[in-house]
Structures are given as C-alpha cells and as structure tokens.
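In what follows, a single structure is set out as structure tokens and then discussed.
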Amino acid sequence: MRRLIVGIIAAAALSVTASVPRAATLYVDADRPAGGDGQSWNDAFRYLQDALIAAAVPEIEEVRVARGTYRPDEDTAAPGGSGDRTATFQMLNGVALRGGFAGFGEIDPDARDVAAFETILSGDLAEDDAPGFVNTGENSLHVVTGTGNDASAVLEGFTISGGNADGASFPDFAGGGLILGSGSSPVIRQCTFTANQAVRGGGIMGRFGSTDYTVIDSIFVGNQAELGGGMFNEGSADPTVIGCRFLGNIATQSGGGMGNFDGSRPLVINSIFSGNAALMTGGGMWNFISADPDILHCSFTGNTAVTDGGGMYNNSGADPRITSCIAYDNTDGDGQDRHAQVWNQGSGAPIISHSVIQGGWPGGTSIVDADPLFVNAAGTDAIAGTLDDDLHLAVGSPARDAGKDTGVPTNLGQPYAGDPCTDLEGILRILDSNGDGVVAVDIGAYEHDGRVTVPGEVAGLRWTDGQTLIWDPEPAAVEYHVYRGELSTLEYGSFGACRDDLDGSATDTVLVDDEIPPADDAFFYVITADAAATEGTLGTAECAERDVEPGCASF
C-alpha cells in the first residue's frame, strides 16, 4: 500500500561487606542516592563498585545496572572519583553483570532495552574526553578486567568506553576496554566497545594462557591500538566470536579490526569487518606467527591498509581457514586487487572455500569473483564502518545459495543454537534464498530468507536546473515510479497518475519536464522506489523549488 507523507524531504573495601544481602540479585542505579543496600531498585546501590564488593559471595547470581554512566574509580568512599587509573570493574565468577535496565522511577524498572537504556562503563575519569582520543591521559588503564574467570562470569548489555592502556609494560599497555588475564573464559554478550585505546587490543585484549572467552552479538566501533584496534589475541587466547561487528577501528600498525598473534586460534562466525584501517598491514584482520583463526560466514568490506592486506593479512605460518565468507572492496597500497582482499606473505597459507573473493583465489574451492551486491555497504551516510552499513545481499547476489552447507556451525548456544545455525540476525541458515529451487546456505554474515527488501524513502530530491529532477540512488530499487499532478489535487492516498517508470540500476536517475503548470497552481512530484513489486516510502518535490520562467506559484 502506498502512503504519502506531505513535506518529506578496585575501590576501597566498604562496610557493606559486614552485612551481606541475601537476595540473588543486586540492583545499581546512578540516579539513586548513596547508601542503598542494593536489594531492590528503591534501595539500589548508586555505584557499581559497591555492588561488586557485595556480590563477591555465593548467594549473588546477578547484578542489574540501570541506565547511566559508571566509572571504576567511583564508590561510596570516593563519590567524586579517586582518579586512580588502575581502578577497574572486576568480573566475578558465578555473577552475571547486566546493563540496559530502565531503573528506579520507571513504570517497570526491570524493563530492559540495551539501546534505549544505555548503560555506560566509562574510563573517562575526568569526564573531558574529546573526539580523536583527546584528553585521555588520565583515563582508566582498563575499564573492565577478567582474571581467572570461567564461563559463569557474564558481562552483558553495556557500552564500554574511554579505556586507555598506554602503560610501558604488560598489563598496562593492553586491553583498554577489557583485559582478560591468563586462564579467563568469561562470556561477553550485547556489549559495545567504543573509543577505547591501547598499545595492544583497544577494545579487548585476550592474553596467552588458555584464554577461551566468548563474545556474542557485540559491536567494536571506533577503537584504536598499535596492534588490534578492536580486539587482540595472543598466544593460546582462542576466543569464540559470534555475530559481532567490527566497524571503523584503527591500528596504527596492524590489525585494524582484529589482530591474532603467536598461535592464537579464534573461531569467528557470522561477523562483519567494515571500514577498519591499519597504517601498515591487515585493515580488517591481521594474523601473524602461527595464528590460525577459523572464519565462517563473515563479510569483509571497505577495510584499508596502507601497505598490504586491506581485508586480511597473513604471515609467518598463519593459516586461517576461511569458509563461506566475502572479501570485497577492501583496499591496500596496490589498490583493490586480490591481494588487497586477502594477503599472504612468507609462509602464510589460508584455506579458502565457497567464498566471494574479489580477484578470485587460485587454489581455492568454489570461489566467486563477482560483486556480492550488498544492499548498501557504506550505509546512508556513505561511510563504510558506521552503524548504518547494510551488508545484506540484494536481489541477484551471486553469494546467495553459494556457501558450504557442511560448514554451517551448530550447537553454539542461544541464540545461535539449532541445526542449522542462524545468521547474524537470527535467521535460520540453509534456505532457498534465490528462489531457484535449490536449498543452500548463503555466503557472508546474512542469510536471505525470501522476504523482499523494502526500499527506503527516495532521498536527496533536487533540481539541477529548471527542468531536471534527480535523486540519490536507493540500493534496493529495481525501478522508480515517477508521479506528477497539480498541487491543488493533492490528497492523502491520491497523488496523480504514474508519469514514468525508470530503471533502478541507473546511478543517477533524471526526469526532464518542461511543461508549465496552470496559473496560480504548481506541480508536485512523488518518487517511489520499487523492489520486486514492493514499493517503498515516498519522496516528494514541489515545482515551486524550480527556477523556471514563468515560474510555479509559491504556496
């Protein structure tokens, strides 16, 4: 149905330990006064550090944190902050730390929405950070720390920002957002790591020593480090990374999105690497010295490296296995050839199958060398590596039904359990997504389930001269419909006859109309984008915007 919208264009130990709450859940709300015991939203702790001290007993299984900002140097003893850069939020075995709650004063304080009720763990102790990592000298070395944690330690629903691991030696130079020590295997879910910096691992650093942590449904955006802007894994740090997005992270040396080093073997599934950059090698991912990640159903696009391997760089025995992935439109010092997508140097030898690789891949199995036809890889802001990037597969994508069915992982835990497993959005894998009667898995982070992608509103409507109307191309459009009528006849649901149908594949779509409307009236134009017979929302333009003599009447 068509619709017209007119006018569219480590704190000190506290006395709280003397009286341990016996509830299984503790509550934290930055809007509550200090002195609460955390047993309800009415009596919530004001400071998260106070709750963590109280939670260090077997009876506590969960800490619920309401929206607001929490800093690791603040507690009842130091309500204004101590300025201690070594203060950190320490994860606890058997305790799930969960943010995103509405909190005290809301109709339902237990209502949870991670986006609407953003809960920020901030290392910006002086509250003066500026874009570009300005004024970060006093920031926390590590906002969150996991030391000796098992999978019963959970961090869920937080934004972690402002960490600055700029120290001279380990651990002070690693893991600005989160550092995981030897032997830690916690679960991180639905978290956003942003604006953290370090020498190694701006967002997360996994240290050698069987650090088998899990990161699910999380975002790494705008972090920076010398090695591993978003994440860095070293030695036997073998994380499982599922359904994550690495966007716009920077490495001043190598591994803009992720760096894996010295035998690290991550499992990376259903994830996106977009718009990450390295000033040396491996814009999206960097694998060095026997680092052998297993990479399944991931999409690499819009990543850059100044020297080699815009999408991925492998060296010194790094032998990743890449299955049902896309590496396209990544750039390095030589442009956008095959080596800009996946670069091997020395003894690096990835095994690649059932994947879209720009420029092809000699020795690979079932390699597609063609545009994967992302719906809108750079998003509406035309900048790769931001949250509006859309890497779904458009109609006609050669990546549909072209993946390796036997490479679909199963039994990885909710919400990724099942046979077959789901894609980044929770859609079941292995479908007939191109409608040819063959049921097969798609390549990349998203599975197309047969639903039509509805195009968005036609944007950027403008006159280039007195007679030519143009607009920005809508990625999902198969064709455009151009409607025109007299403004006096404009009514809801009735906007004139279709004047023209134009091919949606055109880079710039134009309409030439030299007819002059009646006196004391004006023409209106309505432009819609159509994808597989599904018409999107409308964009309108008024004839009064044209510079025509004799012109259209204003209104």
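Here, A, B, ... name the chains of the structure tokens in the order displayed, residue numbers run from 1 inside each chain, and ligands are numbered from 1 in the same displayed order.
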If we count only C-alpha atoms, what is near region 369-378 of chain A at a cut-off of 7 Å, once residues fewer than 3 positions away on the same chain are taken out, given as a PyMOL selection string?
chain A and resi 356-360+381-384+389-394+397-399+475-476
Would you mind exporting all heavy atoms of the selected residues as a tab-separated table (two decimals), in the first residue's frame?
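Final file, part-v7.tsv:
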chain	number	residue	atom	x	y	z
A	356	VAL	N	33.24	-15.46	-1.68
A	356	VAL	CA	33.36	-14.41	-2.67
A	356	VAL	C	34.65	-13.65	-2.39
A	356	VAL	O	34.79	-13.03	-1.34
A	356	VAL	CB	32.16	-13.44	-2.60
A	356	VAL	CG1	32.37	-12.27	-3.57
A	356	VAL	CG2	30.86	-14.16	-2.92
A	357	ILE	N	35.60	-13.74	-3.31
A	357	ILE	CA	36.88	-13.05	-3.17
A	357	ILE	C	37.09	-12.19	-4.41
A	357	ILE	O	37.17	-12.71	-5.53
A	357	ILE	CB	38.06	-14.03	-3.03
A	357	ILE	CG1	37.80	-15.04	-1.90
A	357	ILE	CG2	39.36	-13.27	-2.80
A	357	ILE	CD1	37.76	-14.46	-0.52
A	358	GLN	N	37.17	-10.90	-4.24
A	358	GLN	CA	37.40	-10.01	-5.38
A	358	GLN	C	38.77	-10.33	-5.99
A	358	GLN	O	39.79	-10.35	-5.29
A	358	GLN	CB	37.37	-8.56	-4.92
A	358	GLN	CG	37.47	-7.55	-6.05
A	358	GLN	CD	37.28	-6.12	-5.56
A	358	GLN	OE1	37.01	-5.89	-4.39
A	358	GLN	NE2	37.40	-5.17	-6.47
A	359	GLY	N	38.79	-10.62	-7.27
A	359	GLY	CA	40.03	-11.01	-7.94
A	359	GLY	C	40.26	-12.51	-7.95
A	359	GLY	O	41.23	-12.99	-8.53
A	360	GLY	N	39.36	-13.28	-7.31
A	360	GLY	CA	39.49	-14.73	-7.28
A	360	GLY	C	40.50	-15.21	-6.27
A	360	GLY	O	41.12	-14.42	-5.54
A	381	ASP	N	25.01	7.17	5.16
A	381	ASP	CA	25.97	8.24	5.34
A	381	ASP	C	27.15	8.14	4.38
A	381	ASP	O	28.06	8.97	4.39
A	381	ASP	CB	26.48	8.30	6.77
A	381	ASP	CG	27.22	7.03	7.20
A	381	ASP	OD1	27.41	6.13	6.36
A	381	ASP	OD2	27.59	6.94	8.39
A	382	ALA	N	27.15	7.07	3.54
A	382	ALA	CA	28.19	6.85	2.53
A	382	ALA	C	29.58	6.67	3.14
A	382	ALA	O	30.59	6.91	2.49
A	382	ALA	CB	28.20	7.98	1.50
A	383	ILE	N	29.63	6.22	4.40
A	383	ILE	CA	30.90	5.99	5.09
A	383	ILE	C	30.95	4.55	5.56
A	383	ILE	O	30.15	4.14	6.42
A	383	ILE	CB	31.08	6.94	6.29
A	383	ILE	CG1	31.01	8.40	5.83
A	383	ILE	CG2	32.40	6.66	6.99
A	383	ILE	CD1	31.00	9.39	6.98
A	384	ALA	N	31.85	3.75	5.01
A	384	ALA	CA	31.98	2.37	5.46
A	384	ALA	C	32.51	2.34	6.89
A	384	ALA	O	33.37	3.14	7.28
A	384	ALA	CB	32.94	1.62	4.54
A	389	ASP	N	25.75	0.73	8.01
A	389	ASP	CA	26.16	-0.13	6.90
A	389	ASP	C	25.18	-1.29	6.76
A	389	ASP	O	24.76	-1.88	7.76
A	389	ASP	CB	27.56	-0.70	7.16
A	389	ASP	CG	28.64	0.36	7.16
A	389	ASP	OD1	28.31	1.53	6.91
A	389	ASP	OD2	29.80	0.02	7.43
A	390	ASP	N	24.82	-1.61	5.53
A	390	ASP	CA	23.86	-2.70	5.29
A	390	ASP	C	24.49	-3.73	4.35
A	390	ASP	O	24.55	-3.55	3.14
A	390	ASP	CB	22.58	-2.14	4.68
A	390	ASP	CG	21.46	-3.18	4.62
A	390	ASP	OD1	21.74	-4.38	4.82
A	390	ASP	OD2	20.30	-2.79	4.37
A	391	LEU	N	24.97	-4.83	4.93
A	391	LEU	CA	25.64	-5.87	4.17
A	391	LEU	C	24.74	-7.06	3.88
A	391	LEU	O	25.22	-8.16	3.61
A	391	LEU	CB	26.91	-6.33	4.90
A	391	LEU	CG	27.94	-5.25	5.21
A	391	LEU	CD1	29.24	-5.87	5.71
A	391	LEU	CD2	28.22	-4.38	3.99
A	392	HIS	N	23.42	-6.84	3.92
A	392	HIS	CA	22.51	-7.87	3.41
A	392	HIS	C	22.75	-8.04	1.91
A	392	HIS	O	23.28	-7.15	1.25
A	392	HIS	CB	21.05	-7.45	3.65
A	392	HIS	CG	20.62	-7.50	5.08
A	392	HIS	ND1	20.88	-6.48	5.96
A	392	HIS	CD2	19.97	-8.46	5.79
A	392	HIS	CE1	20.38	-6.80	7.16
A	392	HIS	NE2	19.83	-7.99	7.08
A	393	LEU	N	22.36	-9.18	1.40
A	393	LEU	CA	22.56	-9.48	-0.01
A	393	LEU	C	21.34	-9.04	-0.81
A	393	LEU	O	20.22	-9.44	-0.52
A	393	LEU	CB	22.79	-10.98	-0.20
A	393	LEU	CG	23.98	-11.55	0.58
A	393	LEU	CD1	24.06	-13.06	0.39
A	393	LEU	CD2	25.29	-10.90	0.15
A	394	ALA	N	21.57	-8.20	-1.83
A	394	ALA	CA	20.48	-7.69	-2.65
A	394	ALA	C	20.02	-8.75	-3.64
A	394	ALA	O	20.63	-9.81	-3.80
A	394	ALA	CB	20.94	-6.44	-3.39
A	397	SER	N	22.23	-11.35	-5.99
A	397	SER	CA	23.58	-11.53	-5.47
A	397	SER	C	24.11	-12.93	-5.77
A	397	SER	O	23.43	-13.93	-5.52
A	397	SER	CB	23.60	-11.31	-3.96
A	397	SER	OG	24.85	-11.73	-3.40
A	398	PRO	N	25.35	-13.05	-6.28
A	398	PRO	CA	25.93	-14.37	-6.53
A	398	PRO	C	26.31	-15.10	-5.24
A	398	PRO	O	26.69	-16.27	-5.30
A	398	PRO	CB	27.17	-14.05	-7.36
A	398	PRO	CG	27.55	-12.67	-6.93
A	398	PRO	CD	26.24	-11.96	-6.69
A	399	ALA	N	26.19	-14.41	-4.12
A	399	ALA	CA	26.51	-15.05	-2.84
A	399	ALA	C	25.33	-15.83	-2.26
A	399	ALA	O	25.50	-16.59	-1.31
A	399	ALA	CB	26.96	-13.99	-1.82
A	475	PRO	N	19.60	1.76	-2.91
A	475	PRO	CA	20.25	0.49	-3.23
A	475	PRO	C	19.30	-0.67	-3.51
A	475	PRO	O	19.62	-1.54	-4.30
A	475	PRO	CB	21.10	0.22	-1.98
A	475	PRO	CG	21.34	1.56	-1.39
A	475	PRO	CD	20.10	2.34	-1.67
A	476	ALA	N	18.14	-0.68	-2.85
A	476	ALA	CA	17.24	-1.82	-3.02
A	476	ALA	C	16.32	-1.67	-4.23
A	476	ALA	O	15.51	-2.56	-4.51
A	476	ALA	CB	16.40	-2.00	-1.75
Among region 10-176 of chain A, which ones does DSSP assign to strand (DSSP E) (computed from the backbone)? Answer as number ranges by chain.
A: 25-28, 62-66, 68-70, 89-90, 96-101, 119-122, 144-146, 154-156, 159-161, 164-165
Just N, CA and C atoms for this one: save the residues we selected as an mmCIF file, in the first residue's frame.
data_model
loop_
_atom_site.group_PDB
_atom_site.id
_atom_site.type_symbol
_atom_site.label_atom_id
_atom_site.label_comp_id
_atom_site.auth_asym_id
_atom_site.auth_seq_id
_atom_site.Cartn_x
_atom_site.Cartn_y
_atom_site.Cartn_z
ATOM 1 N N THR A 25 19.787 -11.279 43.496
ATOM 2 C CA THR A 25 20.050 -10.180 42.564
ATOM 3 C C THR A 25 20.310 -8.889 43.325
ATOM 4 N N LEU A 26 21.317 -8.166 42.891
ATOM 5 C CA LEU A 26 21.582 -6.834 43.404
ATOM 6 C C LEU A 26 21.253 -5.810 42.326
ATOM 7 N N TYR A 27 20.932 -4.581 42.757
ATOM 8 C CA TYR A 27 20.495 -3.529 41.850
ATOM 9 C C TYR A 27 21.391 -2.302 41.996
ATOM 10 N N VAL A 28 21.681 -1.676 40.848
ATOM 11 C CA VAL A 28 22.534 -0.486 40.806
ATOM 12 C C VAL A 28 21.853 0.555 39.928
ATOM 13 N N GLU A 62 23.362 -12.306 40.128
ATOM 14 C CA GLU A 62 23.155 -11.295 39.095
ATOM 15 C C GLU A 62 23.237 -9.905 39.695
ATOM 16 N N VAL A 63 23.810 -8.980 38.925
ATOM 17 C CA VAL A 63 23.798 -7.562 39.269
ATOM 18 C C VAL A 63 23.138 -6.827 38.114
ATOM 19 N N ARG A 64 22.005 -6.180 38.385
ATOM 20 C CA ARG A 64 21.282 -5.421 37.369
ATOM 21 C C ARG A 64 21.637 -3.951 37.499
ATOM 22 N N VAL A 65 22.016 -3.350 36.368
ATOM 23 C CA VAL A 65 22.501 -1.976 36.375
ATOM 24 C C VAL A 65 21.612 -1.130 35.472
ATOM 25 N N ALA A 66 21.075 -0.050 36.031
ATOM 26 C CA ALA A 66 20.191 0.836 35.278
ATOM 27 C C ALA A 66 20.999 1.761 34.388
ATOM 28 N N GLY A 68 22.716 4.888 32.644
ATOM 29 C CA GLY A 68 23.550 5.899 33.282
ATOM 30 C C GLY A 68 25.011 5.601 33.008
ATOM 31 N N THR A 69 25.887 6.384 33.601
ATOM 32 C CA THR A 69 27.321 6.229 33.408
ATOM 33 C C THR A 69 27.985 5.878 34.736
ATOM 34 N N TYR A 70 28.858 4.889 34.694
ATOM 35 C CA TYR A 70 29.533 4.379 35.888
ATOM 36 C C TYR A 70 31.030 4.339 35.620
ATOM 37 N N PHE A 89 36.577 -2.402 36.825
ATOM 38 C CA PHE A 89 35.438 -3.238 37.196
ATOM 39 C C PHE A 89 35.856 -4.698 36.988
ATOM 40 N N GLN A 90 35.985 -5.445 38.067
ATOM 41 C CA GLN A 90 36.432 -6.831 38.005
ATOM 42 C C GLN A 90 35.252 -7.781 37.859
ATOM 43 N N ALA A 96 26.394 -12.648 36.831
ATOM 44 C CA ALA A 96 26.102 -12.007 35.556
ATOM 45 C C ALA A 96 25.902 -10.519 35.798
ATOM 46 N N LEU A 97 26.754 -9.694 35.205
ATOM 47 C CA LEU A 97 26.601 -8.243 35.270
ATOM 48 C C LEU A 97 25.808 -7.819 34.047
ATOM 49 N N ARG A 98 24.635 -7.258 34.262
ATOM 50 C CA ARG A 98 23.736 -6.938 33.157
ATOM 51 C C ARG A 98 23.331 -5.474 33.198
ATOM 52 N N GLY A 99 23.538 -4.769 32.081
ATOM 53 C CA GLY A 99 23.104 -3.395 31.946
ATOM 54 C C GLY A 99 21.864 -3.298 31.082
ATOM 55 N N GLY A 100 21.406 -2.058 30.864
ATOM 56 C CA GLY A 100 20.286 -1.831 29.973
ATOM 57 C C GLY A 100 18.929 -1.825 30.635
ATOM 58 N N PHE A 101 18.863 -1.647 31.956
ATOM 59 C CA PHE A 101 17.575 -1.639 32.662
ATOM 60 C C PHE A 101 17.054 -0.212 32.819
ATOM 61 N N THR A 119 23.686 1.812 29.213
ATOM 62 C CA THR A 119 24.419 1.729 30.464
ATOM 63 C C THR A 119 25.899 1.744 30.131
ATOM 64 N N ILE A 120 26.580 2.815 30.528
ATOM 65 C CA ILE A 120 27.951 3.059 30.087
ATOM 66 C C ILE A 120 28.926 2.807 31.229
ATOM 67 N N LEU A 121 29.924 1.971 30.955
ATOM 68 C CA LEU A 121 31.066 1.816 31.849
ATOM 69 C C LEU A 121 32.188 2.638 31.234
ATOM 70 N N SER A 122 32.540 3.735 31.878
ATOM 71 C CA SER A 122 33.423 4.716 31.260
ATOM 72 C C SER A 122 34.743 4.843 31.999
ATOM 73 N N VAL A 144 37.274 -2.632 32.305
ATOM 74 C CA VAL A 144 36.812 -3.899 32.878
ATOM 75 C C VAL A 144 37.964 -4.898 32.825
ATOM 76 N N THR A 145 38.024 -5.787 33.839
ATOM 77 C CA THR A 145 39.076 -6.797 33.901
ATOM 78 C C THR A 145 38.471 -8.160 34.193
ATOM 79 N N GLY A 146 38.985 -9.183 33.499
ATOM 80 C CA GLY A 146 38.630 -10.561 33.813
ATOM 81 C C GLY A 146 39.886 -11.319 34.184
ATOM 82 N N VAL A 154 29.660 -13.278 33.481
ATOM 83 C CA VAL A 154 28.985 -12.739 32.300
ATOM 84 C C VAL A 154 28.985 -11.216 32.356
ATOM 85 N N LEU A 155 29.295 -10.602 31.226
ATOM 86 C CA LEU A 155 29.179 -9.159 31.059
ATOM 87 C C LEU A 155 28.221 -8.932 29.901
ATOM 88 N N GLU A 156 27.078 -8.279 30.149
ATOM 89 C CA GLU A 156 26.020 -8.238 29.143
ATOM 90 C C GLU A 156 25.310 -6.892 29.146
ATOM 91 N N THR A 159 27.825 -0.490 27.328
ATOM 92 C CA THR A 159 28.745 0.226 26.457
ATOM 93 C C THR A 159 30.008 0.471 27.248
ATOM 94 N N ILE A 160 31.143 -0.023 26.751
ATOM 95 C CA ILE A 160 32.419 0.126 27.445
ATOM 96 C C ILE A 160 33.250 1.103 26.647
ATOM 97 N N SER A 161 33.628 2.225 27.254
ATOM 98 C CA SER A 161 34.313 3.279 26.501
ATOM 99 C C SER A 161 35.349 3.976 27.372
ATOM 100 N N ASN A 164 42.163 3.548 28.352
ATOM 101 C CA ASN A 164 43.417 3.981 27.725
ATOM 102 C C ASN A 164 44.584 3.219 28.326
ATOM 103 N N ALA A 165 44.899 2.063 27.735
ATOM 104 C CA ALA A 165 46.007 1.233 28.217
ATOM 105 C C ALA A 165 47.290 1.694 27.533
#
Top pick for closest residue to Pro109 (chain A), considering A:Thr307, A:Ser347, A:Thr468, A:Ser40 and counting only C-alpha atoms:
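That would be A:Ser40, the residue with the smallest distance to Pro109 (chain A).
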Which residue is closest to Gly346 (chain A)? Choose from A:Asp319, A:Glu479, A:Asp423, A:Asp29 and count only C-alpha atoms.
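Nearest to Gly346 (chain A): A:Asp319.
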Residue among A:Gly228, A:Thr422, A:Asn233, A:Cys298 lying closest to Arg245 (chain A), counting only C-alpha atoms
A:Cys298
I'd like the neighbourhood of Met280 (chain A) as a PDB file with N, CA and C atoms, in the first residue's frame, where a residue qualifies if any of its atoms comes within 7 Å (using only C-alpha atoms), though same-chain residues fewer than 2 positions away should be ignored.
ATOM      1  N   GLN A 253      49.579   0.313  13.652  1.00  0.00           N
ATOM      2  CA  GLN A 253      50.470  -0.615  12.962  1.00  0.00           C
ATOM      3  C   GLN A 253      49.628  -1.628  12.181  1.00  0.00           C
ATOM      4  N   SER A 254      49.157  -2.686  12.847  1.00  0.00           N
ATOM      5  CA  SER A 254      48.491  -3.763  12.107  1.00  0.00           C
ATOM      6  C   SER A 254      47.270  -4.293  12.857  1.00  0.00           C
ATOM      7  N   ALA A 278      44.351   0.054   8.922  1.00  0.00           N
ATOM      8  CA  ALA A 278      45.669  -0.185   9.507  1.00  0.00           C
ATOM      9  C   ALA A 278      46.687   0.664   8.770  1.00  0.00           C
ATOM     10  N   ALA A 305      44.367  -0.888   4.300  1.00  0.00           N
ATOM     11  CA  ALA A 305      45.709  -0.985   4.868  1.00  0.00           C
ATOM     12  C   ALA A 305      46.631  -0.149   4.008  1.00  0.00           C
ATOM     13  N   VAL A 306      47.501   0.579   4.628  1.00  0.00           N
ATOM     14  CA  VAL A 306      48.391   1.449   3.867  1.00  0.00           C
ATOM     15  C   VAL A 306      49.359   0.623   3.029  1.00  0.00           C
ATOM     16  N   THR A 307      49.824  -0.498   3.570  1.00  0.00           N
ATOM     17  CA  THR A 307      50.745  -1.328   2.790  1.00  0.00           C
ATOM     18  C   THR A 307      50.029  -2.534   2.204  1.00  0.00           C
ATOM     19  N   ASP A 308      49.784  -3.587   2.992  1.00  0.00           N
ATOM     20  CA  ASP A 308      49.264  -4.832   2.433  1.00  0.00           C
ATOM     21  C   ASP A 308      48.051  -5.360   3.205  1.00  0.00           C
TER      22      ASP A 308
END
Can you tell me, as a ChimeraX atom specification, what residues are no more than 7 Å from Phe273 (chain A) when counting only C-alpha atoms, ignoring any on the same chain fewer than 4 positions away?
/A:245-247,257,284,299-301
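We find CA of Ala225 (chain A) and CA of Asp329 (chain A) to be spaced 23.6 Å apart.
CA of Leu141 (chain A) sits 27.4 Å away from CA of Ala44 (chain A).
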As a ChimeraX atom specification, please: the residues near Gly311 (chain A) (cut-off 9 Å, only C-alpha atoms, same-chain neighbours under 2 positions excluded).
/A:273-274,276,282-286,300-305,308-309,313,327-332,339-343
Write out, as an mmCIF file, in the first residue's frame, the residues just selected, with N, CA, C and O atoms.
data_model
loop_
_atom_site.group_PDB
_atom_site.id
_atom_site.type_symbol
_atom_site.label_atom_id
_atom_site.label_comp_id
_atom_site.auth_asym_id
_atom_site.auth_seq_id
_atom_site.Cartn_x
_atom_site.Cartn_y
_atom_site.Cartn_z
ATOM 1 N N PHE A 273 33.350 -7.149 9.253
ATOM 2 C CA PHE A 273 34.515 -6.280 9.375
ATOM 3 C C PHE A 273 34.383 -5.219 8.286
ATOM 4 O O PHE A 273 34.562 -5.508 7.105
ATOM 5 N N SER A 274 34.077 -3.989 8.679
ATOM 6 C CA SER A 274 33.798 -2.931 7.706
ATOM 7 C C SER A 274 34.433 -1.625 8.152
ATOM 8 O O SER A 274 34.292 -1.207 9.308
ATOM 9 N N ASN A 276 37.422 -0.716 8.795
ATOM 10 C CA ASN A 276 38.570 -0.704 9.688
ATOM 11 C C ASN A 276 39.824 -0.321 8.899
ATOM 12 O O ASN A 276 39.890 -0.512 7.680
ATOM 13 N N GLY A 282 46.860 -5.449 7.292
ATOM 14 C CA GLY A 282 45.681 -6.078 7.872
ATOM 15 C C GLY A 282 44.644 -5.100 8.370
ATOM 16 O O GLY A 282 44.412 -4.982 9.575
ATOM 17 N N GLY A 283 43.972 -4.413 7.446
ATOM 18 C CA GLY A 283 42.947 -3.459 7.874
ATOM 19 C C GLY A 283 41.816 -4.120 8.624
ATOM 20 O O GLY A 283 41.408 -3.665 9.687
ATOM 21 N N GLY A 284 41.273 -5.213 8.058
ATOM 22 C CA GLY A 284 40.190 -5.919 8.739
ATOM 23 C C GLY A 284 40.700 -6.870 9.798
ATOM 24 O O GLY A 284 40.266 -6.848 10.947
ATOM 25 N N MET A 285 41.662 -7.749 9.411
ATOM 26 C CA MET A 285 42.200 -8.738 10.342
ATOM 27 C C MET A 285 43.671 -8.983 10.028
ATOM 28 O O MET A 285 44.071 -9.013 8.856
ATOM 29 N N TRP A 286 44.471 -9.193 11.067
ATOM 30 C CA TRP A 286 45.908 -9.441 10.950
ATOM 31 C C TRP A 286 46.235 -10.723 11.694
ATOM 32 O O TRP A 286 45.933 -10.851 12.888
ATOM 33 N N PHE A 300 33.887 -9.077 4.870
ATOM 34 C CA PHE A 300 34.946 -8.082 4.959
ATOM 35 C C PHE A 300 34.787 -7.112 3.793
ATOM 36 O O PHE A 300 34.897 -7.503 2.630
ATOM 37 N N THR A 301 34.555 -5.843 4.080
ATOM 38 C CA THR A 301 34.405 -4.865 3.009
ATOM 39 C C THR A 301 34.736 -3.472 3.522
ATOM 40 O O THR A 301 34.527 -3.151 4.695
ATOM 41 N N GLY A 302 35.293 -2.648 2.633
ATOM 42 C CA GLY A 302 35.581 -1.267 2.994
ATOM 43 C C GLY A 302 36.720 -1.093 3.973
ATOM 44 O O GLY A 302 36.907 -0.002 4.522
ATOM 45 N N ASN A 303 37.517 -2.146 4.206
ATOM 46 C CA ASN A 303 38.671 -2.035 5.094
ATOM 47 C C ASN A 303 39.891 -1.593 4.298
ATOM 48 O O ASN A 303 40.002 -1.868 3.094
ATOM 49 N N THR A 304 40.838 -0.925 4.958
ATOM 50 C CA THR A 304 42.003 -0.408 4.261
ATOM 51 C C THR A 304 43.280 -0.693 5.041
ATOM 52 O O THR A 304 43.282 -0.735 6.274
ATOM 53 N N ALA A 305 44.367 -0.888 4.300
ATOM 54 C CA ALA A 305 45.709 -0.985 4.868
ATOM 55 C C ALA A 305 46.631 -0.149 4.008
ATOM 56 O O ALA A 305 46.542 -0.183 2.778
ATOM 57 N N ASP A 308 49.784 -3.587 2.992
ATOM 58 C CA ASP A 308 49.264 -4.832 2.433
ATOM 59 C C ASP A 308 48.051 -5.360 3.205
ATOM 60 O O ASP A 308 47.962 -5.231 4.426
ATOM 61 N N GLY A 309 47.155 -6.008 2.450
ATOM 62 C CA GLY A 309 46.059 -6.736 3.073
ATOM 63 C C GLY A 309 44.989 -5.860 3.677
ATOM 64 O O GLY A 309 44.773 -5.867 4.889
ATOM 65 N N TYR A 313 45.489 -9.930 6.426
ATOM 66 C CA TYR A 313 46.918 -10.138 6.204
ATOM 67 C C TYR A 313 47.370 -11.357 7.001
ATOM 68 O O TYR A 313 47.054 -11.496 8.190
ATOM 69 N N ALA A 327 35.059 -11.236 0.830
ATOM 70 C CA ALA A 327 36.116 -10.232 0.917
ATOM 71 C C ALA A 327 36.050 -9.415 -0.365
ATOM 72 O O ALA A 327 36.488 -9.876 -1.425
ATOM 73 N N TYR A 328 35.503 -8.229 -0.274
ATOM 74 C CA TYR A 328 35.234 -7.436 -1.471
ATOM 75 C C TYR A 328 35.332 -5.953 -1.149
ATOM 76 O O TYR A 328 34.900 -5.496 -0.092
ATOM 77 N N ASP A 329 35.927 -5.205 -2.065
ATOM 78 C CA ASP A 329 36.025 -3.753 -1.960
ATOM 79 C C ASP A 329 36.904 -3.314 -0.799
ATOM 80 O O ASP A 329 36.706 -2.257 -0.214
ATOM 81 N N ASN A 330 37.900 -4.141 -0.442
ATOM 82 C CA ASN A 330 38.923 -3.736 0.514
ATOM 83 C C ASN A 330 40.109 -3.166 -0.265
ATOM 84 O O ASN A 330 40.336 -3.520 -1.425
ATOM 85 N N THR A 331 40.883 -2.297 0.371
ATOM 86 C CA THR A 331 41.916 -1.556 -0.333
ATOM 87 C C THR A 331 43.236 -1.592 0.417
ATOM 88 O O THR A 331 43.259 -1.488 1.655
ATOM 89 N N ASP A 332 44.350 -1.756 -0.316
ATOM 90 C CA ASP A 332 45.668 -1.572 0.282
ATOM 91 C C ASP A 332 46.515 -0.700 -0.635
ATOM 92 O O ASP A 332 45.986 -0.048 -1.543
ATOM 93 N N HIS A 339 45.067 -9.323 -3.755
ATOM 94 C CA HIS A 339 45.915 -9.254 -2.561
ATOM 95 C C HIS A 339 45.428 -8.203 -1.564
ATOM 96 O O HIS A 339 45.786 -8.258 -0.383
ATOM 97 N N ALA A 340 44.635 -7.251 -2.038
ATOM 98 C CA ALA A 340 44.054 -6.286 -1.107
ATOM 99 C C ALA A 340 42.946 -6.914 -0.281
ATOM 100 O O ALA A 340 42.604 -6.426 0.795
ATOM 101 N N GLN A 341 42.379 -8.013 -0.788
ATOM 102 C CA GLN A 341 41.303 -8.691 -0.053
ATOM 103 C C GLN A 341 41.891 -9.646 0.992
ATOM 104 O O GLN A 341 41.517 -9.610 2.159
ATOM 105 N N VAL A 342 42.795 -10.514 0.552
ATOM 106 C CA VAL A 342 43.491 -11.441 1.453
ATOM 107 C C VAL A 342 44.941 -11.502 0.996
ATOM 108 O O VAL A 342 45.231 -11.918 -0.131
ATOM 109 N N TRP A 343 45.858 -11.106 1.868
ATOM 110 C CA TRP A 343 47.274 -11.046 1.507
ATOM 111 C C TRP A 343 48.050 -12.088 2.305
ATOM 112 O O TRP A 343 47.907 -12.184 3.521
#
Shell of 10 Å around Ile289 (chain A), only C-alpha atoms, local chain residues under 3 positions omitted, as a list in words
Gly235, Asn260, Phe261, Asp262, Gly263, Ser264, Asp292, Asn314, Asn315, Ser316, Gly317, Ala318, Asp319, Ser347 and Gly348 of chain A
How many Å lie between CA of His448 (chain A) and CA of Val408 (chain A), rounded to one decimal?
15.0 Å
